[in-house]
Every structure is written in structure tokens, then in C-alpha cells.
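Asker: Sharing upload16.cif here; it has mmCIF, C-alpha atoms.
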data_entry
#
loop_
_atom_site.label_atom_id
_atom_site.label_comp_id
_atom_site.auth_asym_id
_atom_site.auth_seq_id
_atom_site.Cartn_x
_atom_site.Cartn_y
_atom_site.Cartn_z
CA MET A 1 -10.42 -17.09 12.49
CA ALA A 2 -9.75 -17.39 8.82
CA ARG A 3 -8.99 -20.83 7.46
CA MET A 4 -6.52 -23.52 8.45
CA LYS A 5 -3.81 -23.81 5.80
CA PHE A 6 -0.37 -25.29 5.19
CA LEU A 7 2.51 -23.26 3.82
CA CYS A 8 5.84 -24.80 2.82
CA ASP A 9 8.96 -22.68 2.47
CA ALA A 10 10.99 -24.12 -0.43
CA GLU A 11 14.10 -22.26 0.77
CA ARG A 12 14.07 -24.17 4.03
CA CYS A 13 12.80 -27.64 3.19
CA ILE A 14 15.75 -30.03 3.30
CA GLU A 15 13.84 -33.12 2.15
CA CYS A 16 14.33 -34.85 5.48
CA ASN A 17 10.86 -36.42 5.28
CA GLY A 18 10.35 -35.69 8.97
CA CYS A 19 6.84 -34.42 8.17
CA VAL A 20 6.02 -37.65 6.33
CA THR A 21 7.27 -39.72 9.25
CA ALA A 22 5.46 -37.57 11.82
CA CYS A 23 2.20 -37.95 9.90
CA LYS A 24 2.62 -41.71 9.52
CA ASN A 25 3.42 -42.14 13.19
CA GLU A 26 0.79 -39.78 14.58
CA ASN A 27 -2.08 -41.16 12.54
CA GLU A 28 -0.90 -44.74 12.11
CA VAL A 29 -1.39 -44.41 8.37
CA PRO A 30 -1.61 -47.80 6.66
CA TRP A 31 1.12 -49.17 4.46
CA GLY A 32 0.99 -47.83 0.91
CA VAL A 33 -0.80 -44.62 1.86
CA ASN A 34 1.08 -41.33 2.01
CA ARG A 35 -1.03 -38.52 3.31
CA ARG A 36 2.00 -36.27 3.01
CA ARG A 37 5.05 -36.51 0.79
CA VAL A 38 8.07 -34.42 -0.12
CA VAL A 39 8.52 -33.43 -3.76
CA THR A 40 11.95 -32.37 -5.01
CA ILE A 41 12.82 -30.72 -8.31
CA ASN A 42 16.28 -30.34 -9.84
CA ASP A 43 17.55 -33.04 -7.53
CA GLY A 44 21.31 -32.76 -7.11
CA VAL A 45 21.71 -29.52 -9.05
CA VAL A 46 23.61 -27.16 -6.79
CA GLY A 47 21.59 -24.04 -6.08
CA ALA A 48 18.60 -25.17 -8.09
CA GLU A 49 17.34 -28.04 -5.96
CA LYS A 50 14.08 -27.21 -4.23
CA SER A 51 11.82 -29.37 -2.11
CA ILE A 52 8.36 -28.86 -0.76
CA SER A 53 6.13 -30.96 1.42
CA VAL A 54 2.72 -31.62 -0.14
CA ALA A 55 -0.53 -32.93 1.30
CA CYS A 56 -4.16 -31.92 1.15
CA MET A 57 -4.17 -28.12 0.99
CA HIS A 58 -7.68 -27.85 2.45
CA CYS A 59 -8.84 -25.73 -0.49
CA SER A 60 -11.36 -22.98 0.12
CA ASP A 61 -13.27 -24.15 -2.97
CA ALA A 62 -12.27 -27.79 -2.90
CA PRO A 63 -12.64 -29.61 -6.25
CA CYS A 64 -12.82 -32.98 -4.47
CA MET A 65 -15.89 -31.75 -2.65
CA ALA A 66 -17.45 -30.54 -5.88
CA VAL A 67 -17.03 -33.82 -7.80
CA CYS A 68 -17.81 -36.37 -5.07
CA PRO A 69 -20.87 -38.31 -6.27
CA VAL A 70 -21.91 -39.25 -2.74
CA ASP A 71 -21.04 -35.87 -1.17
CA CYS A 72 -18.91 -37.40 1.56
CA PHE A 73 -16.77 -34.25 1.97
CA TYR A 74 -17.49 -31.45 4.37
CA ARG A 75 -15.69 -28.40 5.71
CA THR A 76 -15.30 -27.68 9.41
CA ASP A 77 -15.86 -24.28 10.97
CA ASP A 78 -12.12 -23.63 10.86
CA GLY A 79 -11.83 -24.43 7.16
CA VAL A 80 -10.50 -27.99 7.28
CA VAL A 81 -11.75 -30.23 4.46
CA LEU A 82 -12.67 -33.65 5.83
CA HIS A 83 -14.61 -36.63 4.57
CA ASP A 84 -16.84 -39.38 5.90
CA LYS A 85 -15.47 -42.85 5.17
CA ASP A 86 -18.87 -44.37 5.89
CA LEU A 87 -20.20 -42.58 2.81
CA CYS A 88 -17.11 -42.83 0.57
CA ILE A 89 -17.44 -45.43 -2.17
CA GLY A 90 -13.77 -45.32 -3.22
CA CYS A 91 -14.59 -44.26 -6.80
CA GLY A 92 -11.47 -42.12 -7.22
CA TYR A 93 -13.13 -39.02 -8.71
CA CYS A 94 -11.57 -36.88 -6.00
CA PHE A 95 -8.12 -38.13 -6.99
CA TYR A 96 -8.68 -36.99 -10.58
CA ALA A 97 -10.02 -33.63 -9.41
CA CYS A 98 -7.33 -32.85 -6.84
CA PRO A 99 -4.45 -30.74 -8.25
CA PHE A 100 -2.13 -31.99 -5.51
CA GLY A 101 -2.78 -35.74 -5.72
CA ALA A 102 -3.79 -35.70 -2.08
CA PRO A 103 -6.46 -38.44 -2.02
CA GLN A 104 -4.93 -41.84 -1.37
CA PHE A 105 -6.50 -45.25 -1.78
CA PRO A 106 -5.33 -48.17 0.32
CA GLN A 107 -5.21 -51.56 -1.32
CA ALA A 108 -8.18 -53.30 0.26
CA GLY A 109 -7.61 -56.77 -1.13
CA ALA A 110 -6.10 -58.84 -3.89
CA PHE A 111 -6.10 -57.78 -7.55
CA GLY A 112 -5.65 -54.08 -6.72
CA LEU A 113 -9.03 -53.73 -5.05
CA ARG A 114 -9.30 -50.11 -4.05
CA GLY A 115 -10.37 -49.15 -0.55
CA LYS A 116 -12.02 -46.02 0.73
CA MET A 117 -10.21 -42.75 0.23
CA ASP A 118 -7.72 -41.59 2.84
CA LYS A 119 -6.15 -38.14 3.03
CA CYS A 120 -4.62 -35.55 5.31
CA THR A 121 -7.14 -34.40 7.92
CA PHE A 122 -5.07 -31.47 9.22
CA CYS A 123 -4.95 -33.72 12.30
CA ALA A 124 -8.64 -32.94 12.83
CA GLY A 125 -10.01 -36.50 12.72
CA GLY A 126 -13.37 -37.09 11.11
CA PRO A 127 -17.09 -37.09 11.81
CA GLU A 128 -16.86 -39.78 14.50
CA PRO A 129 -16.90 -38.55 18.13
CA ASP A 130 -13.73 -36.59 18.84
CA ARG A 131 -10.82 -38.57 20.36
CA SER A 132 -12.81 -41.81 20.08
CA GLU A 133 -11.22 -45.09 19.06
CA ALA A 134 -13.45 -45.22 15.98
CA GLU A 135 -12.20 -41.81 14.89
CA PHE A 136 -8.59 -42.76 15.42
CA LYS A 137 -8.91 -46.01 13.48
CA LYS A 138 -10.58 -44.37 10.49
CA TYR A 139 -8.97 -40.94 10.35
CA GLY A 140 -6.10 -40.77 12.79
CA ARG A 141 -5.49 -38.54 15.72
CA ASN A 142 -7.56 -35.42 16.35
CA ARG A 143 -4.91 -32.97 17.52
CA LEU A 144 -7.03 -29.88 16.91
CA SER A 145 -9.46 -31.12 19.56
CA GLU A 146 -6.47 -31.31 21.91
CA GLY A 147 -5.59 -27.70 21.14
CA LYS A 148 -2.59 -28.66 19.00
CA LEU A 149 -1.53 -28.11 15.40
CA PRO A 150 -0.84 -30.86 12.83
CA ALA A 151 2.07 -33.08 13.79
CA CYS A 152 3.88 -32.57 10.46
CA ALA A 153 4.12 -28.80 10.93
CA GLU A 154 4.97 -28.97 14.60
CA MET A 155 7.67 -31.58 13.98
CA CYS A 156 9.33 -29.75 11.07
CA SER A 157 12.91 -29.21 12.18
CA THR A 158 13.66 -26.24 9.91
CA LYS A 159 10.16 -24.78 10.25
CA ALA A 160 9.81 -24.98 6.48
CA LEU A 161 6.32 -26.38 6.90
CA LEU A 162 3.97 -24.00 8.66
CA GLY A 163 0.44 -24.97 9.63
CA GLY A 164 -2.39 -22.94 11.08
CA ASP A 165 -4.64 -20.01 10.38
CA GLY A 166 -3.82 -18.68 6.91
CA ASP A 167 -3.43 -15.12 8.18
CA VAL A 168 -1.01 -16.06 10.95
CA ILE A 169 1.27 -18.28 8.88
CA SER A 170 1.26 -15.71 6.07
CA ASP A 171 2.50 -13.13 8.56
CA ILE A 172 5.26 -15.49 9.72
CA TYR A 173 6.34 -16.13 6.14
CA ARG A 174 6.19 -12.42 5.26
CA ASP A 175 8.40 -11.62 8.23
CA ARG A 176 10.80 -14.33 7.15
CA VAL A 177 11.04 -13.02 3.58
CA ALA A 178 11.65 -9.51 4.87
CA ARG A 179 14.56 -10.78 6.96
CA ARG A 180 16.10 -12.38 3.89
CA GLY A 181 16.56 -8.97 2.36
CA ASN A 182 16.50 -7.99 -1.26
CA LYS A 183 17.60 -11.25 -2.75
CA GLY A 184 16.37 -12.70 -5.97
CA ALA A 185 15.83 -16.26 -7.02
CA GLU A 186 19.57 -16.70 -7.44
CA ALA A 187 20.08 -16.50 -3.71
CA TRP A 188 20.15 -19.76 -1.84
CA GLY A 189 21.71 -21.29 1.21
CA TRP A 190 21.70 -20.56 4.90
CA GLY A 191 21.46 -16.78 4.63
CA SER A 192 18.51 -17.01 2.29
CA ALA A 193 16.68 -19.60 4.34
CA TYR A 194 17.21 -18.17 7.78
CA GLY A 195 17.96 -14.51 7.11
CA GLN A 196 20.95 -12.49 8.07
CA PRO A 197 21.51 -11.87 11.76
CA PRO A 198 21.12 -8.21 12.66
CA LYS A 199 24.45 -6.43 12.47
CA ALA A 200 25.83 -5.74 15.90
CA ALA A 201 26.38 -2.07 16.64
CA ALA A 202 30.02 -1.06 16.45
CA PRO A 203 31.42 -0.67 19.95
CA ALA A 204 31.71 2.98 20.89
CA ALA A 205 35.27 4.30 21.13
CA PRO A 206 36.30 4.83 24.71
CA ALA A 207 36.29 8.46 25.73
CA GLY A 208 39.71 10.03 25.71
CA GLY A 209 41.27 7.18 23.79
CA LYS A 210 43.59 7.44 20.89
CA SER A 211 41.93 8.24 17.61
CA MET B 1 -52.98 -11.81 -44.67
CA ARG B 2 -56.07 -13.45 -43.34
CA PRO B 3 -57.32 -12.32 -39.94
CA ARG B 4 -56.68 -15.76 -38.39
CA GLN B 5 -53.07 -15.82 -39.62
CA ALA B 6 -52.57 -12.31 -38.40
CA VAL B 7 -53.76 -13.25 -34.92
CA LEU B 8 -51.49 -16.31 -34.80
CA THR B 9 -48.53 -14.28 -35.98
CA ALA B 10 -49.24 -11.63 -33.39
CA LEU B 11 -49.43 -14.28 -30.66
CA LEU B 12 -46.15 -15.83 -31.77
CA VAL B 13 -44.41 -12.46 -31.84
CA ALA B 14 -45.84 -11.58 -28.45
CA PHE B 15 -44.80 -14.77 -26.68
CA PHE B 16 -41.51 -15.52 -28.47
CA PRO B 17 -39.42 -13.24 -26.18
CA LEU B 18 -40.79 -15.13 -23.19
CA ALA B 19 -39.64 -18.50 -24.53
CA GLY B 20 -36.39 -18.22 -22.55
CA CYS B 21 -38.35 -17.83 -19.37
CA MET B 22 -39.81 -21.28 -19.85
CA GLU B 23 -36.46 -22.97 -19.28
CA VAL B 24 -36.69 -25.51 -16.51
CA GLU B 25 -34.02 -25.43 -13.78
CA GLN B 26 -32.00 -28.62 -14.11
CA THR B 27 -29.94 -28.42 -10.92
CA SER B 28 -31.27 -29.26 -7.52
CA SER B 29 -31.29 -26.29 -5.22
CA ALA B 30 -31.90 -28.62 -2.31
CA LYS B 31 -28.50 -30.33 -2.54
CA GLN B 32 -25.18 -28.53 -2.47
CA ALA B 33 -21.72 -30.01 -2.12
CA GLY B 34 -20.50 -30.40 1.44
CA GLN B 35 -23.95 -30.40 3.02
CA THR B 36 -24.55 -34.12 3.53
CA VAL B 37 -22.23 -34.82 6.47
CA ARG B 38 -23.37 -32.86 9.50
CA ARG B 39 -22.42 -35.03 12.45
CA ASP B 40 -18.92 -33.71 13.23
CA THR B 41 -18.33 -31.60 16.30
CA SER B 42 -16.10 -28.56 16.66
CA ALA B 43 -12.65 -28.79 18.22
CA TRP B 44 -13.43 -26.29 20.98
CA SER B 45 -16.45 -28.27 22.18
CA ASN B 46 -14.04 -30.78 23.77
CA ALA B 47 -12.58 -30.44 27.22
CA PRO B 48 -8.85 -29.67 27.21
CA LEU B 49 -6.57 -32.54 28.19
CA ALA B 50 -4.80 -32.47 31.52
CA GLY B 51 -1.35 -30.96 31.15
CA GLY B 52 -2.02 -29.88 27.58
CA PRO B 53 -3.08 -26.60 26.02
CA ALA B 54 -5.88 -24.98 28.01
CA TRP B 55 -9.08 -23.29 26.87
CA LYS B 56 -12.61 -22.90 28.16
CA GLN B 57 -14.71 -25.82 26.92
CA GLY B 58 -17.20 -24.70 24.30
CA ASP B 59 -15.67 -21.24 23.97
CA ARG B 60 -14.41 -20.82 20.44
CA THR B 61 -12.59 -17.59 21.18
CA SER B 62 -10.47 -19.04 23.97
CA TRP B 63 -9.62 -22.08 21.80
CA GLU B 64 -8.59 -19.81 18.95
CA GLU B 65 -6.46 -17.69 21.25
CA GLN B 66 -4.49 -20.61 22.60
CA ILE B 67 -3.98 -22.17 19.17
CA LYS B 68 -2.86 -18.83 17.77
CA LYS B 69 -0.12 -18.76 20.41
CA ARG B 70 0.90 -22.19 19.19
CA GLN B 71 0.93 -20.99 15.61
CA LEU B 72 3.08 -17.99 16.46
CA ALA B 73 5.55 -20.33 18.17
CA GLN B 74 6.41 -21.57 14.67
CA ASN B 75 8.15 -18.26 14.08
CA GLU B 76 11.58 -18.92 15.55
CA SER B 77 12.60 -15.30 15.06
CA VAL B 78 10.06 -14.34 17.70
CA ARG B 79 10.47 -17.44 19.83
CA ILE B 80 14.21 -17.20 20.32
CA GLY B 81 14.31 -13.43 20.00
CA ASN B 82 16.58 -13.09 16.99
#
For this file, write the structure as C-alpha cells.
Answerer:
Amino acid sequence: MARMKFLCDAERCIECNGCVTACKNENEVPWGVNRRRVVTINDGVVGAEKSISVACMHCSDAPCMAVCPVDCFYRTDDGVVLHDKDLCIGCGYCFYACPFGAPQFPQAGAFGLRGKMDKCTFCAGGPEPDRSEAEFKKYGRNRLSEGKLPACAEMCSTKALLGGDGDVISDIYRDRVARRGNKGAEAWGWGSAYGQPPKAAAPAAPAGGKS
Amino acid sequence: MRPRQAVLTALLVAFFPLAGCMEVEQTSSAKQAGQTVRRDTSAWSNAPLAGGPAWKQGDRTSWEEQIKKRQLAQNESVRIGN
């Protein structure tokens, strides 16, 4: 097993926010916290509008892990970057370090009091006992311990968002790009996103028929 | 040059190249990022849920095999046979 990763296909993402909703619902994410969000560029420009779904990318050399003053981050055997909320002091260093803006901080009280950091767990829970109520309350559902993939990726209607072992999802994406054919960045639309169906073989002329 | 000065100079010249070796390590080798939290358990150590994906409890390989099938199901070209 390599490492668990997310991959978002900008040709397919239709900014439906289904992944955001799936994440919110599956993990009962508190109000004001977005573990996942959809980012769109060139909004409304025909042919140039692109969207991708962004969350924690579970970096192999995670900067959040490097800068955390209390070392509350850890990496699981399958490459998922998680953190321990019992150790987190809510300082926000990880937010400054993260290139994706993944760490989120719930408002824990009046006057903008910042709570402990919350982020995508790749639906792998946290250090509490797997599938326990404590784990669910702090980190959300542990789908990996149920043999499932993250809810966002499994719920994606266009399969723009792929989740799983980096090698496997890379192969899926490579296969997808190959099906699109030799198109450049100018290509967009259904054919680019889903590939061209294989051309049906021309029906053979009946023997003895007219030429 | 007096003999005493000569000896001091010789000592300085002899030990000057070693000055760099005297540098004290300022980072702790005992603590590395990501080493503090050690109480999490692996996904495959759990028993599979009834009616859900199946694997042999504690067997990483069988867990990986079943989740790889799930990952490959994300490829609709294979799933629906396009």
C-alpha cells in the first residue's frame, strides 16, 4: 500500500458541492467549519470555468506536522495525516503552514475565541478507540475502519473526486486521460470529461449483396 | 619569535581546523515531528461490520485487498464496461 490521497479531476467537477455536503453529513461537522470546499476559477466564463474540491491533501511531508508546537499530528500506516485534539492548543500555526487552507477553527465562544483545530480525516477518525462515540464526536466517522473510502469521494456523482491509494487513483486518472484522446487545454465539455465512446465497428456487408 | 610564542602559535594552528568540530548540536534528536501521538489503532485491526465490506480482522493484506476493490469501483469505465 502506498499512501491514501485525494485527486480531483477539474474537467469533471461541476461545483455541485455534493462532496461538501457528504462530508458535513457523514462527520456532523460543526457550523462554520468546512473540512472540504469547492473552489472555482473563471466563474461564468464559457470554456474556462474550472472547479476543484479541496480539503486536507494528507501530504507525505506535511508542513502542519512540522510546525505544530505541541506535535499533535501523526501519520497512520496508510499515510493519513491525523491529529489529536486533546493535545491541540488551537494556536493556528498549522493554518499558516498549510498550502491548502485545510485546518479549520470552530468558534468556541464569544469574541471570536478560537477552538481546537478541525480538518479532513480522510474519514479515518482520530486517536480515540475506533468507532467509539468519543471518536465520532471529536473527529467524525471512521469509515476506513469499516472498510470504506471517504464519503466525499464515494458520493461524487461525476467521479471527479477520487480517493484512495495514490497508485490506484493515479491509474484511474491516467486511464481517463488516455480515453480523452489527444486534446489540449482548449478542449472542454462532455467528450473531454468522459471520453469518447469507442467507435462501433461498421456492420459487415451481407455476402452477395449489391455493392 | 620567542619559543613560548612559537609554541602557542603552533598550538593555535594545530587546533584551529578542529574548531568546527566543537559545534554543539542544537536540535533534539529525541523528538521528531509526528512521534508524540501513538495511541491510534490501524483500520484493519477492527472487525468488519455485518453486511459491510469483509476482511480478516487484523490482517492488513486482506483489508487492503477489499479496499482496493472499492477504489477501483471509482473507475466507471471498468465498472460499467465502457
Asker: Could you list the residues chosen by the PyMOL selection byres ((chain A) within 8 of (chain B)) in this structure as JSON, numbers by chain?
Answerer: {"A": [1, 65, 66, 71, 72, 73, 74, 75, 76, 77, 84, 124, 126, 127, 128, 129, 130, 144, 145, 146, 147, 148, 149, 154, 159, 162, 163, 164, 165, 168, 169, 172, 197, 198]}
Asker: To one decimal in Å, tell me the separation between atom CA of A:Arg3 and atom CA of A:Ser192.
Answerer: 28.2 Å
Asker: Name the residues captured by the PyMOL selection byres ((chain A and resi 15) around 12) when it is applied to the shown file; answer as an MDAnalysis selection string.
Answerer: chainID A and resid 8:14 16:21 37:41 43:44 49:54 156:158 160:161
Asker: Around all of stretch 79-85 of chain A's listed atoms, make the axis-aligned box with 5 Å on each side and tell me centre and edge lengths in Å to one decimal, as AutoDock Vina command-line options.
Answerer:
--center_x -13.7 --center_y -33.6 --center_z 5.9 --size_x 16.3 --size_y 28.4 --size_z 12.8
Asker: By how many Å are atom CA of A:Arg35 and atom CA of A:Ala48 apart?
Answerer: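 Distance between the two atoms: 26.3 Å.
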Asker: One decimal, in Å: what's the spacing between atom CA of A:Val29 and atom CA of A:Asp78?
Answerer: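 Interatomic distance here is 23.5 Å.
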Asker: For A:Phe100, please output as a list in words all residues within 12 Å (counting all atoms listed in the file; exclusion window: fewer than 2 positions along the same chain).
Answerer: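 Contacts, with the query itself left out: Arg35, Arg36, Arg37, Val38, Val39, Ile52, Ser53, Val54, Ala55, Cys56, Met57, His58, Cys59, Ala62, Pro63, Cys64, Cys94, Phe95, Tyr96, Ala97, Cys98, Ala102, Pro103, Gln104, Lys119 and Cys120 of chain A.
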Asker: Could the residues in this selection be written to a file with C-alpha atoms, as a compact mmCIF listing (two decimals), in the coordinates of the input?
Answerer:
# COMPACT_ATOMS: atom_id res chain seq x y z
CA ARG A 35 -1.03 -38.52 3.31
CA ARG A 36 2.00 -36.27 3.01
CA ARG A 37 5.05 -36.51 0.79
CA VAL A 38 8.07 -34.42 -0.12
CA VAL A 39 8.52 -33.43 -3.76
CA ILE A 52 8.36 -28.86 -0.76
CA SER A 53 6.13 -30.96 1.42
CA VAL A 54 2.72 -31.62 -0.14
CA ALA A 55 -0.53 -32.93 1.30
CA CYS A 56 -4.16 -31.92 1.15
CA MET A 57 -4.17 -28.12 0.99
CA HIS A 58 -7.68 -27.85 2.45
CA CYS A 59 -8.84 -25.73 -0.49
CA ALA A 62 -12.27 -27.79 -2.90
CA PRO A 63 -12.64 -29.61 -6.25
CA CYS A 64 -12.82 -32.98 -4.47
CA CYS A 94 -11.57 -36.88 -6.00
CA PHE A 95 -8.12 -38.13 -6.99
CA TYR A 96 -8.68 -36.99 -10.58
CA ALA A 97 -10.02 -33.63 -9.41
CA CYS A 98 -7.33 -32.85 -6.84
CA ALA A 102 -3.79 -35.70 -2.08
CA PRO A 103 -6.46 -38.44 -2.02
CA GLN A 104 -4.93 -41.84 -1.37
CA LYS A 119 -6.15 -38.14 3.03
CA CYS A 120 -4.62 -35.55 5.31
